[in-house]
Amino acid sequence: MRHLKILVIGHQGVGKTTLIKSVTKNTISTDVNGRTVCLDFGTLEYRDLKAHLFGSPGMRQFNLVRKALSSGSDGVILVVDSTDPGSIREGERYLRELFGVDPPPLVVAANKQDLPGAIHPKKIENILNVPAPVFPTQAHRGIGLDPLIINFIRYLGEIGKGLNLPTLIEKA
Ligand SMILES: Nc1nc2c(ncn2[C@@H]2O[C@H](COP(=O)(O)OP(=O)(O)O)[C@@H](O)[C@H]2O)c(=O)[nH]1
Ligand SMILES: [Mg+2]
């Protein structure tokens, strides 16, 4: 069994806890009044790979908790609220703060695609200053999560021979 550490980051309220609860069966969350104060944690297995998902708190005051959780990440899932351009900017800010100019492999969940006014994933891809495949998701319904997480695990585990990150989305 090979182990992967995947960090889930994003501004508060974008759907990180919901996403992790949806894709793992053994989630532990430390939510108080609907806000994650320390972390979400859950694992999922795919073939010989075990992905450990670490969800970080979204509020600014927890920047040291985020930093602590980020160490040794094999990959990062950035979750954004597709109706809120501010959450895209904040997400990128966290990414820069945590990893500087050399982030681990990154995929983006363009969440809340069910809501009116949701920005199209392709447009979010263009807005972002870092190259990353953007997957449309509706975390509260579990929609779009499997293609994102399974393809990312495959990529990080180098199972999908010849897979590269920008083409993940076409394979999904
Ligand atoms: N409409 C909609 N609501 C969502 C979606 N994903 C999560 N939510 C809701 O958004 C709120 C915040 O989600 P949460 O997972 O706690 O966000 P976090 O702060 O990033 O962990 C909750 O009420 C969720 O039910 C989605 O895709 N669409
Ligand atoms: Mg949370």
# chains A, B, ... in the order shown; residues from 1 in each chain; ligands from 1
>>> residues_around(residues="region 47-53 of chain A", least_positions_apart="3", cutoff="9 Å", atoms="only C-alpha atoms", output="tab-separated table (two decimals) with N, CA and C atoms, in the first residue's frame")
chain	number	residue	atom	x	y	z
A	1	MET	N	0.84	-1.21	0.00
A	1	MET	CA	0.00	0.00	0.00
A	1	MET	C	0.87	1.25	0.00
A	2	ARG	N	0.63	2.11	-0.97
A	2	ARG	CA	1.37	3.39	-0.99
A	2	ARG	C	0.47	4.49	-0.45
A	3	HIS	N	1.08	5.43	0.23
A	3	HIS	CA	0.30	6.47	0.89
A	3	HIS	C	0.53	7.84	0.24
A	4	LEU	N	-0.56	8.57	0.07
A	4	LEU	CA	-0.49	9.90	-0.52
A	4	LEU	C	-1.13	10.89	0.44
A	5	LYS	N	-0.49	12.03	0.61
A	5	LYS	CA	-1.11	13.08	1.42
A	5	LYS	C	-1.67	14.15	0.49
A	6	ILE	N	-2.96	14.35	0.57
A	6	ILE	CA	-3.62	15.35	-0.28
A	6	ILE	C	-4.23	16.43	0.61
A	7	LEU	N	-3.80	17.66	0.36
A	7	LEU	CA	-4.29	18.79	1.16
A	7	LEU	C	-5.47	19.44	0.43
A	8	VAL	N	-6.53	19.72	1.18
A	8	VAL	CA	-7.70	20.38	0.59
A	8	VAL	C	-7.77	21.79	1.18
A	20	ILE	N	-14.86	16.44	1.46
A	20	ILE	CA	-14.11	15.35	2.11
A	20	ILE	C	-15.07	14.33	2.71
A	24	THR	N	-14.81	10.34	1.41
A	24	THR	CA	-14.21	9.38	2.34
A	24	THR	C	-15.30	8.82	3.26
A	40	ASP	N	-10.36	18.65	8.68
A	40	ASP	CA	-11.16	17.50	8.30
A	40	ASP	C	-10.15	16.44	7.90
A	41	PHE	N	-10.46	15.21	8.22
A	41	PHE	CA	-9.54	14.15	7.83
A	41	PHE	C	-10.32	12.92	7.40
A	42	GLY	N	-9.89	12.30	6.33
A	42	GLY	CA	-10.51	11.06	5.89
A	42	GLY	C	-9.58	10.39	4.89
A	43	THR	N	-9.76	9.08	4.74
A	43	THR	CA	-8.91	8.35	3.78
A	43	THR	C	-9.77	7.65	2.75
A	44	LEU	N	-9.19	7.42	1.59
A	44	LEU	CA	-9.84	6.55	0.62
A	44	LEU	C	-8.80	5.77	-0.14
A	153	ILE	N	-5.72	10.99	-7.82
A	153	ILE	CA	-4.99	9.91	-7.16
A	153	ILE	C	-4.21	9.09	-8.19
A	154	ARG	N	-4.86	8.79	-9.31
A	154	ARG	CA	-4.17	8.06	-10.38
A	154	ARG	C	-2.94	8.83	-10.85
A	157	GLY	N	-0.25	8.84	-8.14
A	157	GLY	CA	0.32	7.50	-8.00
A	157	GLY	C	0.96	7.00	-9.29
>>> select_by_dssp(residues="region 49-169 of chain A", states="alpha helix (DSSP H)", output="PyMOL selection string")
chain A and resi 63-70+85-99+121-127+145-156+165-169
>>> residues_near_ligand(ligand="ligand 2", cutoff="9 Å", atoms="only C-alpha atoms and all ligand atoms", output="compact mmCIF listing (two decimals) with C-alpha atoms, in the first residue's frame")
# COMPACT_ATOMS: atom_id res chain seq x y z
CA GLN A 12 -14.33 29.42 4.32
CA GLY A 13 -17.71 28.12 3.20
CA VAL A 14 -16.62 26.92 -0.26
CA GLY A 15 -17.40 23.25 0.52
CA LYS A 16 -14.14 21.61 1.67
CA THR A 17 -15.68 19.73 4.59
CA THR A 18 -18.62 18.63 2.43
CA SER A 29 -14.26 16.89 11.20
CA THR A 30 -13.69 19.48 13.86
CA ASP A 31 -16.51 21.85 13.00
CA GLY A 34 -20.41 25.01 10.87
CA ARG A 35 -16.82 26.24 10.74
CA THR A 36 -13.82 23.97 10.60
CA VAL A 37 -11.50 25.06 13.41
CA CYS A 38 -8.70 22.56 12.95
CA LEU A 39 -9.08 20.00 10.21
CA ASP A 40 -11.16 17.50 8.30
CA GLY A 55 -8.92 19.56 4.93
CA SER A 56 -7.61 22.82 6.28
CA PRO A 57 -9.64 25.52 7.98
CA GLY A 58 -10.63 28.38 5.69
>>> select_by_dssp(residues="region 2-171 of chain A", states="strand (DSSP E)", output="ChimeraX atom specification")
/A:2-9,28-32,35-46,49-55,75-81,106-111,134-136
>>> residues_around(residues="Gly100 (chain A)", least_positions_apart="5", cutoff="12 Å", atoms="only C-alpha atoms", output="NGL selection string")
:A and (67 or 92-95 or 130)
>>> write_last_selection(atoms="N, CA and C atoms", output="PDB file, in the first residue's frame")
ATOM      1  N   LYS A  67      -0.603  26.058   7.685  1.00  0.00           N
ATOM      2  CA  LYS A  67       0.827  25.836   7.423  1.00  0.00           C
ATOM      3  C   LYS A  67       1.253  24.479   7.981  1.00  0.00           C
ATOM      4  N   GLU A  92      -6.115  31.244  -4.092  1.00  0.00           N
ATOM      5  CA  GLU A  92      -4.781  31.387  -4.672  1.00  0.00           C
ATOM      6  C   GLU A  92      -3.809  31.996  -3.677  1.00  0.00           C
ATOM      7  N   ARG A  93      -4.344  32.890  -2.860  1.00  0.00           N
ATOM      8  CA  ARG A  93      -3.507  33.510  -1.834  1.00  0.00           C
ATOM      9  C   ARG A  93      -3.004  32.451  -0.851  1.00  0.00           C
ATOM     10  N   TYR A  94      -3.913  31.572  -0.405  1.00  0.00           N
ATOM     11  CA  TYR A  94      -3.514  30.489   0.506  1.00  0.00           C
ATOM     12  C   TYR A  94      -2.446  29.622  -0.148  1.00  0.00           C
ATOM     13  N   LEU A  95      -2.660  29.335  -1.415  1.00  0.00           N
ATOM     14  CA  LEU A  95      -1.721  28.481  -2.139  1.00  0.00           C
ATOM     15  C   LEU A  95      -0.318  29.101  -2.139  1.00  0.00           C
ATOM     16  N   VAL A 130      -2.332  30.086 -11.724  1.00  0.00           N
ATOM     17  CA  VAL A 130      -1.550  28.848 -11.778  1.00  0.00           C
ATOM     18  C   VAL A 130      -2.246  27.866 -12.726  1.00  0.00           C
TER      19      VAL A 130
END
>>> residues_around(residues="region 115-122 of chain A", least_positions_apart="4", cutoff="9 Å", atoms="only C-alpha atoms", output="ChimeraX atom specification")
/A:81-85,109-111,126-127,133-136
>>> closest_residue(among="A:Met59, A:Ile9, A:Ile143, A:Val23", to="Val107 (chain A)", atoms="only C-alpha atoms")
A:Ile9
>>> closest_residue(among="A:Leu106, A:Leu19, A:Ala132, A:Ala139", to="Leu156 (chain A)", atoms="only C-alpha atoms")
A:Leu106
>>> closest_residue(among="A:Tyr46, A:Phe99, A:Tyr155, A:Phe54", to="ligand 1", atoms="only C-alpha atoms and all ligand atoms")
A:Phe54
>>> atom_distance(atom1="CA of Leu98 (chain A)", atom2="CA of Gly72 (chain A)")
11.2 Å
>>> closest_residue(among="A:Val80, A:Leu64, A:Ile150, A:Ile28", to="ligand 1", atoms="only C-alpha atoms and all ligand atoms")
A:Val80
>>> closest_residue(among="A:Val76, A:Val101, A:Ala68, A:Leu145", to="ligand 1", atoms="only C-alpha atoms and all ligand atoms")
A:Leu145
>>> atom_distance(atom1="atom 4 (C, counted along the ligand's line) of ligand 1", atom2="CA of Lys123 (chain A)")
19.9 Å
>>> atom_distance(atom1="atom 8 (N, counted along the ligand's line) of ligand 1", atom2="CA of Leu78 (chain A)")
14.8 Å
>>> closest_residue(among="A:Asn63, A:Asn151, A:Ser87, A:Ser73", to="ligand 1", atoms="only C-alpha atoms and all ligand atoms")
A:Ser87
